[in-house]
Structure formats: structure tokens, C-alpha cells
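Peer 1: Got data.txt for you, compact mmCIF, C-alpha atoms and all ligand atoms:
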# COMPACT_ATOMS: atom_id res chain seq x y z
CA MET X 282 2.55 -17.28 117.27
CA ALA X 283 1.88 -15.40 120.55
CA SER X 284 0.46 -18.49 122.24
CA ASN X 285 3.41 -20.49 120.93
CA ILE X 286 5.75 -18.12 122.76
CA ILE X 287 3.80 -18.56 125.97
CA GLU X 288 3.98 -22.34 125.51
CA LYS X 289 7.77 -22.06 125.17
CA LEU X 290 7.99 -19.85 128.26
CA ASN X 291 6.00 -22.46 130.17
CA TRP X 292 8.31 -25.17 128.82
CA ARG X 293 11.44 -23.45 130.15
CA TYR X 294 12.40 -23.72 133.80
CA ALA X 295 15.52 -23.19 135.86
CA THR X 296 17.16 -26.52 135.05
CA LYS X 297 18.66 -28.20 138.09
CA LYS X 298 20.06 -31.27 136.33
CA PHE X 299 21.47 -31.29 132.82
CA ASP X 300 22.12 -34.33 130.64
CA ALA X 301 25.93 -34.27 130.69
CA THR X 302 26.10 -36.46 127.57
CA ARG X 303 24.34 -33.91 125.31
CA GLN X 304 26.12 -30.95 123.76
CA LEU X 305 24.71 -27.89 122.03
CA SER X 306 25.56 -27.67 118.33
CA GLU X 307 27.87 -24.90 117.09
CA GLU X 308 24.81 -23.38 115.41
CA LYS X 309 22.87 -23.14 118.68
CA VAL X 310 25.87 -21.63 120.47
CA GLN X 311 26.21 -19.07 117.68
CA ILE X 312 22.54 -18.11 118.13
CA LEU X 313 23.24 -17.41 121.82
CA LYS X 314 26.33 -15.34 120.97
CA ASP X 315 24.32 -13.29 118.46
CA ALA X 316 21.43 -12.86 120.90
CA PHE X 317 23.86 -11.58 123.53
CA ASN X 318 25.33 -9.08 121.08
CA LEU X 319 21.85 -7.96 119.97
CA THR X 320 20.72 -7.26 123.55
CA ALA X 321 19.51 -3.69 123.93
CA THR X 322 21.46 -1.66 126.50
CA SER X 323 21.08 1.83 127.87
CA TYR X 324 22.52 4.35 125.34
CA GLY X 325 23.60 1.27 123.34
CA LEU X 326 26.90 1.26 125.24
CA GLN X 327 27.06 -2.55 125.79
CA PRO X 328 29.39 -2.40 128.82
CA LEU X 329 29.34 -6.22 128.85
CA LYS X 330 31.17 -9.31 127.69
CA MET X 331 30.11 -12.94 127.74
CA VAL X 332 32.53 -15.76 128.44
CA VAL X 333 31.51 -19.02 126.76
CA ILE X 334 32.94 -22.07 128.52
CA GLN X 335 32.95 -25.60 127.11
CA ASN X 336 35.71 -27.13 129.20
CA LYS X 337 34.93 -29.85 131.76
CA GLU X 338 38.07 -29.19 133.80
CA LEU X 339 37.17 -25.50 134.19
CA GLN X 340 33.51 -26.38 134.75
CA ARG X 341 34.48 -28.74 137.59
CA ARG X 342 36.47 -25.96 139.27
CA LEU X 343 33.56 -23.54 138.90
CA VAL X 344 31.15 -25.87 140.78
CA ALA X 345 32.98 -25.16 144.04
CA ALA X 346 32.64 -21.43 143.33
CA SER X 347 28.90 -21.88 142.64
CA MET X 348 27.58 -23.13 146.00
CA ASP X 349 28.26 -26.67 144.72
CA GLN X 350 25.58 -26.34 142.05
CA GLU X 351 26.38 -29.25 139.74
CA GLN X 352 24.57 -27.67 136.75
CA VAL X 353 27.79 -25.78 136.07
CA TYR X 354 29.60 -29.10 135.49
CA GLN X 355 26.81 -30.99 133.73
CA ALA X 356 25.77 -28.26 131.30
CA SER X 357 26.97 -28.36 127.72
CA HIS X 358 28.25 -24.77 127.98
CA VAL X 359 28.46 -22.21 130.77
CA LEU X 360 27.85 -18.56 129.89
CA VAL X 361 29.34 -16.02 132.28
CA LEU X 362 28.02 -12.48 131.90
CA CYS X 363 30.60 -9.87 132.84
CA ILE X 364 30.71 -6.11 133.26
CA GLU X 365 33.65 -3.82 132.54
CA LEU X 366 35.76 -2.85 135.57
CA GLU X 367 35.78 0.75 134.33
CA LEU X 368 33.97 2.89 131.79
CA PRO X 369 36.54 5.52 130.74
CA SER X 370 35.77 8.38 128.33
CA GLN X 371 37.68 6.50 125.64
CA TYR X 372 35.11 3.69 125.85
CA ILE X 373 32.25 6.13 125.22
CA LYS X 374 34.18 7.74 122.35
CA GLN X 375 34.64 4.33 120.69
CA HIS X 376 30.89 3.84 120.79
CA PHE X 377 30.26 7.14 119.00
CA ASN X 378 32.96 6.33 116.45
CA ARG X 379 31.06 3.11 115.67
CA VAL X 380 27.82 5.07 115.22
CA GLU X 381 29.63 7.46 112.88
CA ASP X 382 31.15 4.59 110.85
CA LEU X 383 28.07 2.40 110.64
CA ARG X 384 25.41 5.07 110.13
CA ASN X 385 27.39 7.94 108.64
CA THR X 386 25.88 10.20 111.27
CA PRO X 387 27.48 13.66 111.06
CA ARG X 388 29.81 14.67 113.90
CA GLU X 389 27.80 17.83 114.63
CA ILE X 390 24.90 15.59 115.66
CA LEU X 391 27.04 13.08 117.60
CA ASP X 392 29.39 15.45 119.43
CA PRO X 393 26.91 17.11 121.83
CA PHE X 394 25.47 13.72 122.84
CA GLU X 395 28.96 12.20 123.24
CA ASP X 396 30.10 15.13 125.41
CA SER X 397 27.02 14.99 127.61
CA LEU X 398 27.42 11.23 128.17
CA ILE X 399 31.11 11.62 129.03
CA ASP X 400 30.23 14.40 131.49
CA SER X 401 27.40 12.44 133.03
CA PHE X 402 29.43 9.21 133.49
CA SER X 403 32.50 11.00 134.85
CA ALA X 404 30.30 12.70 137.49
CA LYS X 405 28.97 9.33 138.75
CA LYS X 406 30.49 7.36 141.63
CA GLU X 407 32.34 4.20 140.55
CA GLU X 408 29.88 1.94 142.40
CA ASP X 409 26.91 3.61 140.68
CA VAL X 410 28.48 3.01 137.27
CA SER X 411 29.08 -0.66 138.22
CA LEU X 412 25.48 -1.01 139.36
CA TRP X 413 24.27 0.51 136.10
CA MET X 414 26.45 -1.94 134.15
CA ALA X 415 25.12 -4.88 136.18
CA LYS X 416 21.56 -3.83 135.28
CA GLN X 417 22.53 -4.11 131.62
CA ALA X 418 23.79 -7.65 132.29
CA TYR X 419 20.37 -8.60 133.66
CA ILE X 420 18.76 -7.43 130.42
CA ALA X 421 21.14 -9.75 128.54
CA LEU X 422 20.26 -12.58 130.93
CA GLY X 423 16.52 -12.16 130.28
CA ASN X 424 17.11 -11.95 126.55
CA LEU X 425 19.25 -15.11 126.57
CA MET X 426 16.74 -17.05 128.66
CA THR X 427 13.92 -16.20 126.23
CA VAL X 428 16.04 -17.08 123.20
CA CYS X 429 16.99 -20.37 124.89
CA ALA X 430 13.29 -21.13 125.41
CA LEU X 431 12.46 -20.37 121.77
CA GLU X 432 15.36 -22.58 120.62
CA GLU X 433 14.44 -25.36 123.10
CA ILE X 434 17.73 -24.98 124.89
CA ASP X 435 17.59 -25.53 128.64
CA SER X 436 19.21 -23.01 130.97
CA CYS X 437 19.56 -22.11 134.62
CA PRO X 438 19.98 -18.43 135.53
CA MET X 439 22.37 -18.17 138.48
CA GLU X 440 23.28 -15.51 141.00
CA GLY X 441 24.41 -18.23 143.41
CA PHE X 442 28.14 -18.06 142.83
CA VAL X 443 31.15 -16.21 144.22
CA PRO X 444 32.17 -13.56 141.66
CA ASP X 445 35.69 -13.12 143.12
CA GLN X 446 36.35 -16.84 142.73
CA TYR X 447 35.02 -16.89 139.16
CA ASP X 448 37.17 -13.85 138.34
CA ASP X 449 40.22 -15.71 139.70
CA ILE X 450 39.54 -19.03 137.98
CA LEU X 451 38.74 -17.41 134.62
CA GLY X 452 41.40 -14.66 134.82
CA LEU X 453 38.74 -12.00 134.34
CA THR X 454 40.37 -9.16 136.30
CA GLU X 455 43.34 -9.18 133.87
CA LYS X 456 40.81 -8.78 131.08
CA GLY X 457 39.29 -5.74 132.82
CA LEU X 458 36.09 -7.63 133.67
CA ARG X 459 33.99 -8.72 136.64
CA SER X 460 31.54 -11.64 136.57
CA VAL X 461 27.95 -10.78 137.53
CA LEU X 462 25.71 -13.61 136.30
CA VAL X 463 26.04 -17.23 135.19
CA LEU X 464 23.88 -19.18 132.75
CA PRO X 465 24.63 -22.88 132.27
CA VAL X 466 22.95 -24.04 129.03
CA GLY X 467 22.35 -27.44 127.45
CA TYR X 468 19.66 -30.11 127.68
CA ARG X 469 17.69 -31.20 130.74
CA ALA X 470 18.32 -34.65 132.21
CA ASP X 471 15.38 -37.08 131.82
CA ASP X 472 15.25 -37.46 135.58
CA ASP X 473 15.37 -33.78 136.55
CA PHE X 474 12.67 -33.74 139.21
CA PHE X 475 12.10 -30.00 138.64
CA SER X 476 11.10 -30.33 134.98
CA GLU X 477 7.64 -31.67 135.88
CA LEU X 478 6.84 -29.18 138.62
CA LYS X 479 4.08 -26.62 138.16
CA LYS X 480 5.11 -23.00 137.66
CA VAL X 481 4.78 -20.94 140.82
CA ARG X 482 3.70 -17.41 139.87
CA ARG X 483 1.52 -14.78 141.51
CA GLY X 484 -0.77 -14.70 138.48
CA THR X 485 -1.59 -11.96 135.99
CA SER X 486 -4.55 -10.73 138.04
CA GLU X 487 -2.15 -9.96 140.87
CA VAL X 488 0.89 -8.61 139.01
CA ILE X 489 -0.85 -6.58 136.30
CA ILE X 490 -2.49 -3.22 136.96
CA GLU X 491 -4.69 -1.92 134.18
CA MET X 492 -5.57 1.75 134.04
C1 LIG I 501 18.69 -13.58 138.57
C2 LIG I 501 18.36 -15.00 138.93
C3 LIG I 501 19.22 -15.73 139.74
C4 LIG I 501 18.95 -17.06 140.04
N1 LIG I 501 19.87 -17.81 140.73
C5 LIG I 501 19.69 -19.16 140.83
C6 LIG I 501 20.71 -20.01 141.32
O1 LIG I 501 21.80 -19.58 141.71
N2 LIG I 501 20.46 -21.35 141.36
C7 LIG I 501 19.29 -21.89 140.92
O2 LIG I 501 19.14 -23.12 140.95
N3 LIG I 501 18.30 -21.11 140.44
C8 LIG I 501 18.48 -19.77 140.38
N4 LIG I 501 17.49 -18.97 139.83
C9 LIG I 501 16.26 -19.62 139.35
C10 LIG I 501 14.97 -19.12 140.04
O3 LIG I 501 14.87 -19.67 141.32
C11 LIG I 501 13.80 -19.51 139.14
O4 LIG I 501 13.96 -18.88 137.90
C12 LIG I 501 12.46 -19.11 139.75
O5 LIG I 501 12.21 -19.84 140.91
C13 LIG I 501 11.31 -19.33 138.77
O6 LIG I 501 11.25 -20.67 138.34
P1 LIG I 501 11.40 -21.13 136.81
O7 LIG I 501 12.56 -20.33 136.23
O8 LIG I 501 11.76 -22.59 136.91
O9 LIG I 501 10.14 -20.86 136.12
C14 LIG I 501 17.75 -17.65 139.57
C15 LIG I 501 16.87 -16.89 138.78
C16 LIG I 501 17.17 -15.59 138.44
C17 LIG I 501 16.23 -14.85 137.52
For this file, write the structure as C-alpha cells.
Peer 2:
Amino acid sequence: MASNIIEKLNWRYATKKFDATRQLSEEKVQILKDAFNLTATSYGLQPLKMVVIQNKELQRRLVAASMDQEQVYQASHVLVLCIELELPSQYIKQHFNRVEDLRNTPREILDPFEDSLIDSFSAKKEEDVSLWMAKQAYIALGNLMTVCALEEIDSCPMEGFVPDQYDDILGLTEKGLRSVLVLPVGYRADDDFFSELKKVRRGTSEVIIEM
């Protein structure tokens, strides 16, 4: 099994050209939605949402906001990972209410933790909270890329886009969100030159330190 996972991770690559005629099944898309929701986040707060786009007209408009990277148009679906614009105390309270409902955890155990998180987040600068939320989005990106590889779905992680333009085109600000990462998903084109290229990595002997 372990070597199979490594094979799959070697199979995946940042797809530069998708086969625009192939679409992911509903079942595959549902796997990606579930994987996003199952992503571990710090304190379990999940300050994230994922926009799932399967709309060629929107995808065409997003290419111009993505340094003209055509993957955004060709891909079956485009996943946009977003962070919350704010993390008010109410948001943290909702999380603890969910813990109480789902696990029947007594309030005397939850309350001190809830209060300390509310205190700690309200003492942070807004930009530090946004940075913390963006880090959570990167965890989701890594998780999604691995799940894509296991499911033989091709993907291209992307930072090369203009978040303000995405937020405008997708109406994200009104939803209280800001785009931070993009992941077009689908199936590689037969003639994607990059699919045959060797992986360029520093190598385990260079990146691993054993003690
Ligand atoms: C956070 C992140 C952002 C990236 N942004 C882009 C991008 O905008 N466009 C692109 O073609 N590739 C992008 N890449 C792909 C990387 O260049 C690629 O993953 C890396 O060179 C390793 O190659 P491989 O993924 O094909 O193994 C990005 C990768 C990551 C992890």
C-alpha cells in the first residue's frame, strides 16, 4: 500500500493542459468536497470555504485573472479555496456549540477553552488572523492534491492569480470571503508536454535529517 501511494504521488504533477472534453463524475467531485471538509485545521475551527466552479463562462473570465493560465478554462472544475474575512467571537462560539452537540461534551470542560480562544483571537492583529487562516487553506490544498492523486484526478495548485479579481468575479466579498488558492481539477490532455517530465526534487538525502 505504501509504495502504491508513492507511485500515485509520482503520477501526479501540476497539470498545465487539461482535456477540456472530459468531466469529473459527481461521485469524484463529492469525494473532493468531503476531503475538503475533513481537512484538519488548527483548533478544528475550519475558517475556510471552497467554491466549486463548473461553468465555462465563469472559467473563461477567471483565466484573465489567473495570469492567462488556460488550465482554469480547460479544467472540468475549478476549486477556489477561501478564508473568512473576519473571525468574530460568535464564530468561535458556534464551533464549541457543534462540539457540545456532536460529542455531548459538558460545558464546564468546553467553556474555559472557548474563553481562552476568544481572548487569544481578539488580542491578535487582523492581518495575523488572516495569515493564520491562509495557512489552514494550504493544509486543505495539500490534502486535496493527495486525494486527487489517489483518485487519479489531475490538478494544478495555483497561487498565480489576482485574489481581488477573483473576489469580484465570484462575488466573494459579499459572502464574507477572500480567495487564497486555486485548484483546477480534471483530466490531463494527452499532449500535455509536462506529464512526461521527470520530477525535480532535492532528494530525501538532502531534505531529511535523521537524529
Ligand atoms: C502553492 C503552490 C502554488 C503554485 N502555483 C502555480 C501556478 O500558479 N501555476 C502553475 O502552473 N503551477 C503552480 N504550482 C505548481 C508548482 O510549480 C509545482 O507543484 C512544482 O514545480 C512541483 O512540480 P509537480 O507538482 O509537477 O511535481 C504551484 C504549486 C504550489 C504548491
Peer 1: Show me a table, sorted first by chain and then by increasing residue number, of the residues of region 336-398 of chain X having an atom at most 12 Å from region 430-434 of chain X, each with its shortest atom pair and the distance in Å to one decimal, counting all atoms listed in the file and written as a Markdown table.
Peer 2:
| residue | atom | partner | partner_atom | distance |
| --- | --- | --- | --- | --- |
| X:Ala356 | CA | X:Ile434 | CA | 10.8 |
| X:Ser357 | CA | X:Ile434 | CA | 10.2 |
| X:His358 | CA | X:Ile434 | CA | 11.0 |
Peer 1: Enter the distance from CA of Ile334 (chain X) to CA of Val359 (chain X), in Å, rounded to one decimal.
Peer 2: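 If I compute the distance from CA of Ile334 (chain X) to CA of Val359 (chain X), I get 5.0 Å.
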Peer 1: Counting only C-alpha atoms, which of X:Asp472, X:Glu381, X:Asp435, X:Glu408 gets nearest to Glu395 (chain X)?
Peer 2: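 Distance minimum relative to Glu395 (chain X) lands on X:Glu381.
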Peer 1: Quick check, in Å to one decimal: how far apart do CA of Arg469 (chain X) and atom O4 of ligand LIG 501 (chain I) lie?
Peer 2: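 It comes out at 14.7 Å.
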Peer 1: Which is closer to Ser347 (chain X) than all the others in X:Ala415, X:Thr322, X:Val332, X:Val361, using all atoms listed in the file?
Peer 2: X:Val361
Peer 1: What's the separation between CA of Leu464 (chain X) and CA of Val410 (chain X), in Å to one decimal place?
Peer 2: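 Those two atoms sit 23.1 Å apart.
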Peer 1: Please check which protein, DNA or RNA residues sit within 9 Å of ligand LIG 501 (chain I), counting only C-alpha atoms and all ligand atoms, and write them as an MDAnalysis selection string.
Peer 2: chainID X and resid 290:297 347:348 350 352 419 422:423 436:442 462:463 475:476 478:482
Peer 1: Pick the closest to Gln340 (chain X) from X:Val310, X:Leu451, X:Leu326, X:Glu477: which is it, counting only C-alpha atoms?
Peer 2: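 Closest to Gln340 (chain X) of all the choices is X:Leu451.
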Peer 1: Using only C-alpha atoms for the distances, tell me which of X:Gln417, X:Asn385, X:Asn285, X:Ser401 is nearest to Ile373 (chain X).
Peer 2: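 Ranked by minimum distance to Ile373 (chain X), first place goes to X:Ser401.
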